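Q: run_3.txt is reproduced in full below (compact mmCIF, C-alpha atoms).
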# COMPACT_ATOMS: atom_id res chain seq x y z
CA MET A 8 112.27 -135.12 59.63
CA SER A 9 115.50 -136.75 60.80
CA LEU A 10 115.74 -138.55 64.11
CA ASP A 11 118.21 -135.98 65.46
CA ARG A 12 115.85 -133.09 64.70
CA LEU A 13 112.92 -134.93 66.26
CA LYS A 14 114.98 -135.68 69.37
CA THR A 15 116.02 -132.05 69.74
CA GLU A 16 112.43 -130.86 69.41
CA LEU A 17 111.17 -133.47 71.86
CA ALA A 18 113.87 -132.79 74.46
CA ILE A 19 113.06 -129.12 74.81
CA LYS A 20 109.30 -129.79 74.84
CA LEU A 21 109.72 -132.39 77.60
CA ARG A 22 111.66 -129.84 79.62
CA SER A 23 109.06 -127.15 79.00
CA ALA A 24 106.31 -129.52 80.16
CA ARG A 25 108.36 -130.33 83.29
CA ALA A 26 108.53 -133.96 82.25
CA PHE A 27 112.28 -133.55 82.89
CA LYS A 28 112.86 -132.01 86.31
CA ILE A 29 116.11 -130.97 87.98
CA ARG A 30 117.18 -131.13 91.61
CA SER A 31 116.00 -127.62 92.54
CA GLU A 32 112.51 -128.59 91.36
CA SER A 33 112.24 -131.51 93.79
CA GLU A 34 109.93 -131.16 96.77
CA ASP A 35 112.70 -130.24 99.22
CA GLY A 36 115.30 -129.11 96.69
CA LYS A 37 117.59 -132.01 97.61
CA GLY A 38 116.79 -134.45 94.82
CA PHE A 39 114.41 -137.24 93.88
CA LYS A 40 113.72 -140.66 95.37
CA LEU A 41 113.27 -143.35 92.73
CA LYS A 42 111.96 -146.92 92.83
CA LYS A 43 115.43 -148.16 93.77
CA HIS A 44 115.34 -145.97 96.87
CA ARG A 45 111.95 -147.36 97.89
CA ASP A 46 113.05 -150.94 97.21
CA ASN A 47 116.35 -150.58 99.10
CA PRO A 48 115.68 -148.34 102.12
CA GLU A 49 118.60 -149.91 103.99
CA LEU A 50 121.07 -148.57 101.42
CA ASP A 51 122.32 -145.00 101.56
CA LEU A 52 121.77 -144.31 97.87
CA PRO A 53 122.31 -140.75 96.64
CA LEU A 54 119.18 -138.93 95.53
CA SER A 55 118.77 -138.41 91.82
CA PRO A 56 119.44 -134.83 90.63
CA TYR A 57 116.84 -135.26 87.89
CA TYR A 58 113.45 -136.87 87.44
CA LEU A 59 111.59 -138.05 84.38
CA ASN A 60 107.80 -138.11 84.50
CA LEU A 61 106.85 -139.33 81.05
CA ARG A 62 103.29 -140.31 81.91
CA THR A 63 100.03 -138.84 80.62
CA SER A 64 97.43 -137.08 82.72
CA ASP A 65 95.07 -140.08 82.63
CA ASN A 66 97.72 -142.44 84.03
CA PRO A 67 97.00 -143.88 87.51
CA LYS A 68 100.12 -141.92 88.47
CA PRO A 69 99.43 -138.76 86.44
CA GLY A 70 102.09 -137.01 84.41
CA PRO A 71 102.36 -133.87 82.27
CA LEU A 72 102.25 -135.34 78.75
CA ASP A 73 99.33 -134.31 76.55
CA GLU A 74 98.18 -135.74 73.23
CA THR A 75 100.53 -133.51 71.24
CA LEU A 76 103.56 -134.70 73.17
CA VAL A 77 102.44 -138.34 72.98
CA ASP A 78 102.19 -137.97 69.20
CA LEU A 79 105.71 -136.51 69.02
CA VAL A 80 107.07 -139.30 71.23
CA ALA A 81 105.44 -141.88 68.94
CA LYS A 82 106.99 -140.22 65.88
CA VAL A 83 110.41 -140.42 67.53
CA PHE A 84 109.88 -144.11 68.28
CA ALA A 85 108.75 -144.71 64.70
CA GLN A 86 111.83 -143.01 63.25
CA LYS A 87 114.12 -144.89 65.63
CA ALA A 88 112.56 -148.21 64.57
CA LYS A 89 113.01 -147.25 60.93
CA ASP A 90 116.63 -146.19 61.40
CA CYS A 91 117.39 -149.43 63.27
CA GLN A 92 115.60 -151.44 60.55
CA LEU A 93 113.37 -153.16 63.11
CA LYS A 94 110.71 -155.43 61.64
CA PHE A 95 107.58 -156.07 63.70
CA SER A 96 103.89 -156.92 63.34
CA HIS A 97 102.76 -155.65 66.74
CA VAL A 98 103.59 -152.93 69.23
CA CYS A 99 103.53 -153.51 72.97
CA GLY A 100 103.98 -150.72 75.49
CA ILE A 101 104.95 -151.80 78.99
CA PRO A 102 102.14 -150.51 81.19
CA ASN A 103 101.19 -148.12 82.26
CA ALA A 104 103.48 -145.30 81.10
CA ALA A 105 104.17 -146.61 77.59
CA THR A 106 100.64 -147.71 76.73
CA PRO A 107 99.64 -144.37 75.09
CA TYR A 108 102.90 -144.32 73.11
CA ALA A 109 102.26 -147.85 71.85
CA ARG A 110 98.74 -147.05 70.68
CA GLN A 111 99.93 -144.02 68.74
CA LEU A 112 102.99 -145.79 67.34
CA ALA A 113 100.75 -148.62 66.15
CA ARG A 114 98.54 -146.10 64.34
CA LEU A 115 101.52 -144.42 62.70
CA SER A 116 103.07 -147.75 61.72
CA LYS A 117 99.75 -149.36 60.76
CA LYS A 118 100.44 -152.26 63.12
CA SER A 119 98.41 -154.07 65.73
CA THR A 120 98.84 -153.55 69.46
CA VAL A 121 99.43 -156.00 72.25
CA GLN A 122 98.41 -154.60 75.60
CA LEU A 123 99.45 -156.08 78.90
CA LYS A 124 97.39 -155.59 82.02
CA LYS A 125 99.33 -154.37 85.01
CA ILE A 126 98.38 -156.12 88.23
CA GLY A 127 100.18 -154.66 91.23
CA ASP A 128 103.87 -154.79 90.40
CA GLY A 129 103.38 -157.57 87.86
CA PHE A 130 101.61 -158.23 84.58
CA GLY A 131 98.53 -160.25 83.73
CA ASP A 132 97.02 -161.51 80.52
CA PHE A 133 96.78 -159.87 77.14
CA ALA A 134 93.99 -157.40 76.58
CA ALA A 135 94.24 -156.81 72.87
CA ASN A 136 93.85 -158.21 69.41
CA TRP A 137 96.79 -160.55 68.75
CA SER A 138 97.87 -163.65 66.91
CA PRO A 139 101.19 -165.02 68.16
CA ARG A 140 101.88 -167.33 65.24
CA GLU A 141 104.90 -165.87 63.43
CA SER A 142 104.23 -162.53 65.15
CA SER A 143 106.82 -160.12 66.44
CA ALA A 144 106.25 -157.43 69.03
CA LEU A 145 108.29 -154.27 69.27
CA VAL A 146 108.32 -153.50 72.98
CA ILE A 147 108.57 -149.87 74.08
CA ASP A 148 108.83 -148.14 77.44
CA ASP A 149 109.50 -144.71 78.86
CA VAL A 150 112.72 -145.30 80.80
CA ILE A 151 115.12 -148.04 81.78
CA THR A 152 116.95 -147.95 85.09
CA THR A 153 117.86 -151.43 86.37
CA GLY A 154 115.77 -153.25 83.76
CA ALA A 155 114.53 -155.82 86.26
CA SER A 156 110.89 -154.75 86.08
CA LYS A 157 110.77 -155.29 82.31
CA ILE A 158 111.85 -158.94 82.26
CA PRO A 159 108.48 -160.37 83.47
CA ALA A 160 106.64 -158.52 80.69
CA LEU A 161 109.14 -159.70 78.08
CA LYS A 162 108.81 -163.30 79.29
CA ILE A 163 105.02 -163.16 79.00
CA LEU A 164 105.37 -162.11 75.37
CA THR A 165 107.98 -164.73 74.47
CA ASN A 166 106.07 -167.48 76.28
CA ALA A 167 103.02 -166.54 74.19
CA GLY A 168 105.03 -167.06 71.02
CA PHE A 169 106.03 -163.55 70.13
CA LYS A 170 109.47 -162.78 68.80
CA ILE A 171 110.88 -159.56 70.20
CA PRO A 172 113.12 -157.74 67.71
CA ALA A 173 114.01 -155.13 70.34
CA ILE A 174 112.88 -153.19 73.33
CA VAL A 175 113.12 -149.47 72.68
CA VAL A 176 113.05 -147.00 75.56
CA LEU A 177 112.78 -143.26 75.46
CA VAL A 178 115.53 -142.68 78.04
CA ASP A 179 118.27 -144.98 79.29
CA ARG A 180 119.19 -143.71 82.76
CA GLN A 181 122.60 -145.46 82.39
CA GLU A 182 122.27 -147.39 85.63
CA GLY A 183 122.90 -150.88 84.27
CA GLY A 184 119.46 -151.76 82.91
CA ARG A 185 120.48 -151.99 79.28
CA GLU A 186 123.32 -154.37 80.12
CA ILE A 187 121.03 -156.58 82.25
CA LEU A 188 118.52 -156.96 79.42
CA LYS A 189 121.26 -157.58 76.86
CA ASN A 190 122.68 -160.31 79.07
CA ALA A 191 119.19 -161.82 79.21
CA GLY A 192 119.23 -162.03 75.42
CA TYR A 193 117.26 -158.94 74.42
CA ARG A 194 118.26 -156.20 72.01
CA VAL A 195 117.89 -152.80 73.66
CA GLU A 196 117.75 -149.45 71.88
CA ALA A 197 117.34 -146.03 73.50
CA ILE A 198 116.18 -142.77 72.00
CA TYR A 199 118.34 -140.89 74.52
CA THR A 200 120.76 -141.71 77.25
CA THR A 201 120.59 -139.42 80.28
CA THR A 202 123.92 -137.97 79.16
CA GLU A 203 122.60 -137.19 75.70
CA ILE A 204 119.35 -135.52 76.72
CA THR A 205 121.24 -133.53 79.36
CA GLU A 206 123.76 -132.35 76.77
CA ILE A 207 120.94 -131.35 74.40
CA LEU A 208 119.10 -129.40 77.09
CA ALA A 209 122.25 -127.62 78.22
CA TYR A 210 123.09 -126.66 74.64
CA LEU A 211 119.57 -125.31 74.10
CA GLY A 212 119.52 -123.42 77.38
CA GLY A 213 116.96 -125.68 79.02
CA ILE A 214 119.27 -126.26 81.98
CA THR A 215 122.35 -124.44 83.27
CA LYS A 216 125.95 -125.60 83.08
CA ALA A 217 125.88 -126.26 86.84
CA GLU A 218 122.75 -128.38 86.50
CA LYS A 219 124.33 -130.30 83.64
CA LYS A 220 127.43 -130.96 85.75
CA ASP A 221 125.28 -132.16 88.65
CA ILE A 222 123.40 -134.65 86.47
CA LEU A 223 126.45 -135.96 84.61
CA SER A 224 128.35 -136.43 87.86
CA TYR A 225 125.47 -138.54 89.18
CA VAL A 226 125.41 -140.63 86.00
CA GLN A 227 129.17 -141.19 86.14
CA ASN A 228 128.95 -142.45 89.72
CA SER A 229 125.82 -144.57 89.32
Before anything else, please render the file you have as structure tokens.

A:
Amino acid sequence: MSLDRLKTELAIKLRSARAFKIRSESEDGKGFKLKKHRDNPELDLPLSPYYLNLRTSDNPKPGPLDETLVDLVAKVFAQKAKDCQLKFSHVCGIPNAATPYARQLARLSKKSTVQLKKIGDGFGDFAANWSPRESSALVIDDVITTGASKIPALKILTNAGFKIPAIVVLVDRQEGGREILKNAGYRVEAIYTTTEITEILAYLGGITKAEKKDILSYVQNS
């Protein structure tokens, strides 16, 4: 199946699972507070009109994704890596959200995994079977916003001797994260941008035209 068809199927299933929520589905109907709101309480940042919860039910912060959706996400990552001609010997999912994706992608690709331990807001040692000599790790994650939280994990991998052909995220929220990582010397690929997944959902009837306008206006002004 082509990447475009996989992406279309995944987008509507994420919406059906409420992994993609819109403003009216927030607790007070006004929008969602993200990490940037918690980290910068002194700033009057607008609430996000959408929220992505791409975690599994066994995550310390549980999400709605089941094994079937994780498998579909992994297939999308695999096709993206193939289309981008990415060569890698290992898969590393930034914990905790991307860890299930990485395990399944490794199975599909017949590669080894590198698993980082998350300690507070940082990352600890490796907890997997790995051999850094001439090894390359494809790094995957659920979303990218500012990108700042990914750099420590990427540095741990490079300091251990891994080459990183790319970091691939499921959704680029288009808030500067991709540019920050590119400026730090990393190749960044995204399955969707917020604009793209919003356009797909609107076309398929997963969200209304008004909801699409709300989200795209937020993206434009971010």

Q: From the list A:Ala209, A:Ile174, A:Ala160, A:Ala18, which residue is nearest Cys91 of chain A when using all atoms listed in the file?

A: A:Ile174

Q: Between atom CA of Leu52 of chain A and atom CA of Gly100 of chain A, what distance in Å does the model show, to one decimal?

A: 29.3 Å

Q: Fewer than 6 positions away in the same chain doesn't count, so skip those; otherwise give me all residues within 12 Å of segment 103-109 of chain A, counting only C-alpha atoms, as JSON, numbers by chain.

A: {"A": [59, 60, 61, 62, 63, 64, 65, 66, 67, 68, 69, 70, 71, 72, 73, 74, 75, 76, 77, 78, 79, 80, 81, 82, 83, 84, 85, 97, 115, 116, 117, 118, 119, 120, 121, 122, 123, 124, 125, 126, 127, 128, 129, 130, 134, 135, 144, 145, 146, 147, 148, 149, 150, 151, 157, 160, 174, 175, 176, 177]}

Q: Would you mind listing what lies within 8 Å of Val226 of chain A as number ranges by chain, with all atoms listed in the file counted and same-chain residues fewer than 3 positions away left out?

A: A: 180-182, 201-202, 222-223, 229

Q: Using all atoms listed in the file, which of the listed residues (A:Lys216, A:Lys87, A:Lys37, A:Lys20) sits closest to Met8 of chain A?

A: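 Between A:Lys216, A:Lys87, A:Lys37, A:Lys20, the residue approaching Met8 of chain A most closely is A:Lys87.
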
Q: So that I can see what lies close to Asp90 of chain A, please list as a list in words the residues with an atom at most 12 Å from it, counting all atoms listed in the file and leaving out residues fewer than 2 positions away in the same chain.

A: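 So the residues in contact are Ser9, Leu10, Asp11, Val83, Phe84, Ala85, Gln86, Lys87, Ala88, Gln92, Leu93, Lys94, Glu196 and Ile198 of chain A.
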
Q: In Å, with one decimal, what is the gap from atom CA of Arg30 of chain A to atom CA of Lys219 of chain A?

A: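 Atom-to-atom, atom CA of Arg30 of chain A and atom CA of Lys219 of chain A are spaced 10.7 Å apart.
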
Q: When you count only C-alpha atoms, which of these residues is closest to Asp35 of chain A: A:Phe169, A:Thr215, A:Pro56, A:Ala155?

A: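 That would be A:Pro56, the residue with the smallest distance to Asp35 of chain A.
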